[in-house]
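Each remark here refers to the structure printed beneath this line.
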Amino acid sequence: MLRCDPDVLFVGDLPDQETAQLALHAAMTGHRVLTALSANNAVGGIQRLRELGLDPASIALATAGIISQRLVRRPCSQCATPYEPNAIALQRLGLSTSDGPYLQSVGCDACRQTGFSGRVALVEVLELDDVVRRRIVEGASLESLWQETLGRGGSLWEDAREKVRQGLTTVEEVTRALFDYPFPEVKRG
């Protein structure tokens with residue numbers, strides 16, 4: 001494929017070291033390579049590349065960024081009504097009752113009694129700058145990379161808070177979808 005000199009390559013998955021090395025080589029020779037990785041978050045993508053046996057310096061050099069997403073259900077717009085979520089769930093998410101109104105759907109014919117209609121993506125983007133690249137080469141732990149990047153802002157939790165405020169999803173749906181995601185300290189101010 002590389003002999004055809006494509007500008008962009010889409011690699012459906014990186015199941016093994018050989019495929020990952022070919023994709024990394026293509027990226028290092030000036031091709032834009034888009035691929036999917038199985039990871040819990042954007043920083044976990046770095047860990048997944050390490051687990052595939054790729055050289056940390058090559059990972060740092062060839063990776064421009066990683067996007068992580070989780071799909072959550074939207075409340076049905078036909079039967080959505082304001083409600084007050086559990087106070088502990090709100091606190092855990094870093095929200096208060098004044099951040100509402102919060103919407104919840106009870107179910108109707110339009111949503112087939114599910115209370116949900118469609119999905120919305122929770123997204124985080126990890127852009128690799130020189131500092132992050134250096135930390136990858138140094139072999140920084142996943143936790144420290146997360147704290148130095150997404151732990152400061154732009155995590156899935158922050159996007160989730162905003163989507164809940166906008167009424168695009170519910171507190172409970174976010175909690176369900178992000179149960180295994182690192183939870184940052186909530187900055188008040």
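Numbering starts fresh at 1 for the residues of each chain in the structure tokens, the chains themselves are lettered A, B, ... in the order given, and ligands are numbered from 1 as they appear.
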(request) Considering only C-alpha atoms, return as a PyMOL selection string whatever protein or nucleic-acid residues lie within 10 Å of region 115-132 of chain A, sequence-local ones (same chain, fewer than 5 positions apart) excluded. (result) chain A and resi 41-43+45+60-80+104-110+137-138+140+145-146+148-150+153-163+168-169+174+177-178
(request) Within 9 Å of Gln166 (chain A), counting only C-alpha atoms, which residues show up once you throw out same-chain ones fewer than 5 positions away? Write them as an NGL selection string, please. (result) :A and (100-102 or 161)
(message) Quick one: residues within 9 Å of region 9-26 of chain A, only C-alpha atoms, excluding same-chain residues fewer than 4 positions away - as an MDAnalysis selection string?
(response) chainID A and resid 1:2 30:38 49 51:54 58:59 62:63
Can those selected residues be exported to a file as an mmCIF file, in the first residue's frame so that it contains N, CA and C atoms?
```
data_model
loop_
_atom_site.group_PDB
_atom_site.id
_atom_site.type_symbol
_atom_site.label_atom_id
_atom_site.label_comp_id
_atom_site.auth_asym_id
_atom_site.auth_seq_id
_atom_site.Cartn_x
_atom_site.Cartn_y
_atom_site.Cartn_z
ATOM 1 N N MET A 1 0.819 -1.189 0.000
ATOM 2 C CA MET A 1 0.000 0.000 0.000
ATOM 3 C C MET A 1 0.869 1.262 0.000
ATOM 4 N N LEU A 2 1.939 1.250 0.770
ATOM 5 C CA LEU A 2 2.798 2.434 0.854
ATOM 6 C C LEU A 2 3.486 2.742 -0.469
ATOM 7 N N GLY A 30 5.849 10.590 6.710
ATOM 8 C CA GLY A 30 5.085 11.695 6.165
ATOM 9 C C GLY A 30 3.655 11.405 5.768
ATOM 10 N N HIS A 31 3.172 10.206 6.031
ATOM 11 C CA HIS A 31 1.787 9.878 5.730
ATOM 12 C C HIS A 31 0.920 10.178 6.942
ATOM 13 N N ARG A 32 -0.286 10.615 6.693
ATOM 14 C CA ARG A 32 -1.241 10.789 7.796
ATOM 15 C C ARG A 32 -1.893 9.439 8.003
ATOM 16 N N VAL A 33 -1.779 8.911 9.209
ATOM 17 C CA VAL A 33 -2.328 7.594 9.529
ATOM 18 C C VAL A 33 -3.415 7.770 10.580
ATOM 19 N N LEU A 34 -4.588 7.288 10.266
ATOM 20 C CA LEU A 34 -5.705 7.288 11.208
ATOM 21 C C LEU A 34 -6.001 5.841 11.559
ATOM 22 N N THR A 35 -6.184 5.570 12.849
ATOM 23 C CA THR A 35 -6.455 4.199 13.268
ATOM 24 C C THR A 35 -7.294 4.199 14.530
ATOM 25 N N ALA A 36 -7.783 3.042 14.883
ATOM 26 C CA ALA A 36 -8.545 2.859 16.115
ATOM 27 C C ALA A 36 -7.728 2.025 17.081
ATOM 28 N N LEU A 37 -7.806 2.379 18.347
ATOM 29 C CA LEU A 37 -7.139 1.631 19.410
ATOM 30 C C LEU A 37 -8.164 1.299 20.482
ATOM 31 N N SER A 38 -7.978 0.195 21.141
ATOM 32 C CA SER A 38 -8.825 -0.135 22.286
ATOM 33 C C SER A 38 -8.156 0.407 23.537
ATOM 34 N N LEU A 49 -0.144 1.630 22.736
ATOM 35 C CA LEU A 49 0.974 1.576 21.782
ATOM 36 C C LEU A 49 2.220 1.006 22.441
ATOM 37 N N GLU A 51 2.177 -1.169 24.907
ATOM 38 C CA GLU A 51 1.901 -2.599 25.076
ATOM 39 C C GLU A 51 2.110 -3.382 23.785
ATOM 40 N N LEU A 52 1.963 -2.711 22.637
ATOM 41 C CA LEU A 52 2.206 -3.363 21.356
ATOM 42 C C LEU A 52 3.693 -3.494 21.046
ATOM 43 N N GLY A 53 4.528 -3.017 21.956
ATOM 44 C CA GLY A 53 5.972 -3.167 21.806
ATOM 45 C C GLY A 53 6.627 -2.089 20.971
ATOM 46 N N LEU A 54 5.964 -0.971 20.792
ATOM 47 C CA LEU A 54 6.544 0.115 20.005
ATOM 48 C C LEU A 54 7.503 0.933 20.856
ATOM 49 N N SER A 58 9.629 6.535 19.112
ATOM 50 C CA SER A 58 8.879 6.491 17.853
ATOM 51 C C SER A 58 7.424 6.883 18.064
ATOM 52 N N ILE A 59 6.845 6.446 19.178
ATOM 53 C CA ILE A 59 5.468 6.830 19.513
ATOM 54 C C ILE A 59 5.384 8.344 19.633
ATOM 55 N N ALA A 62 5.859 10.073 16.101
ATOM 56 C CA ALA A 62 4.875 9.839 15.045
ATOM 57 C C ALA A 62 3.440 10.203 15.421
ATOM 58 N N THR A 63 3.155 10.367 16.706
ATOM 59 C CA THR A 63 1.772 10.609 17.130
ATOM 60 C C THR A 63 1.515 12.104 17.262
#
```
(request) Name the residues of region 4-188 of chain A that fall into alpha helix (DSSP H) according to DSSP on the backbone, using the chain letters and numbers of this document, as an MDAnalysis selection string. (result) chainID A and resid 17:28 42:51 56:62 87:93 130:137 142:148 156:165 171:177
(request) Report as a list in words: the residues of region 3-107 of chain A with a DSSP assignment of strand (DSSP E or B), based on the backbone of this structure. (result)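 Across region 3-107 of chain A, those assigned strand (DSSP E or B) are Val8, Leu9, Phe10, Val11, Arg32, Val33, Leu34, Thr35, Gly65, Ile66, Ile67, Ser68, Gln69, Arg70, Leu71, Val72, Arg73, Arg74, Pro75, Ala80, Thr81, Pro82, Tyr83, Tyr102, Leu103, Gln104 and Ser105 of chain A.
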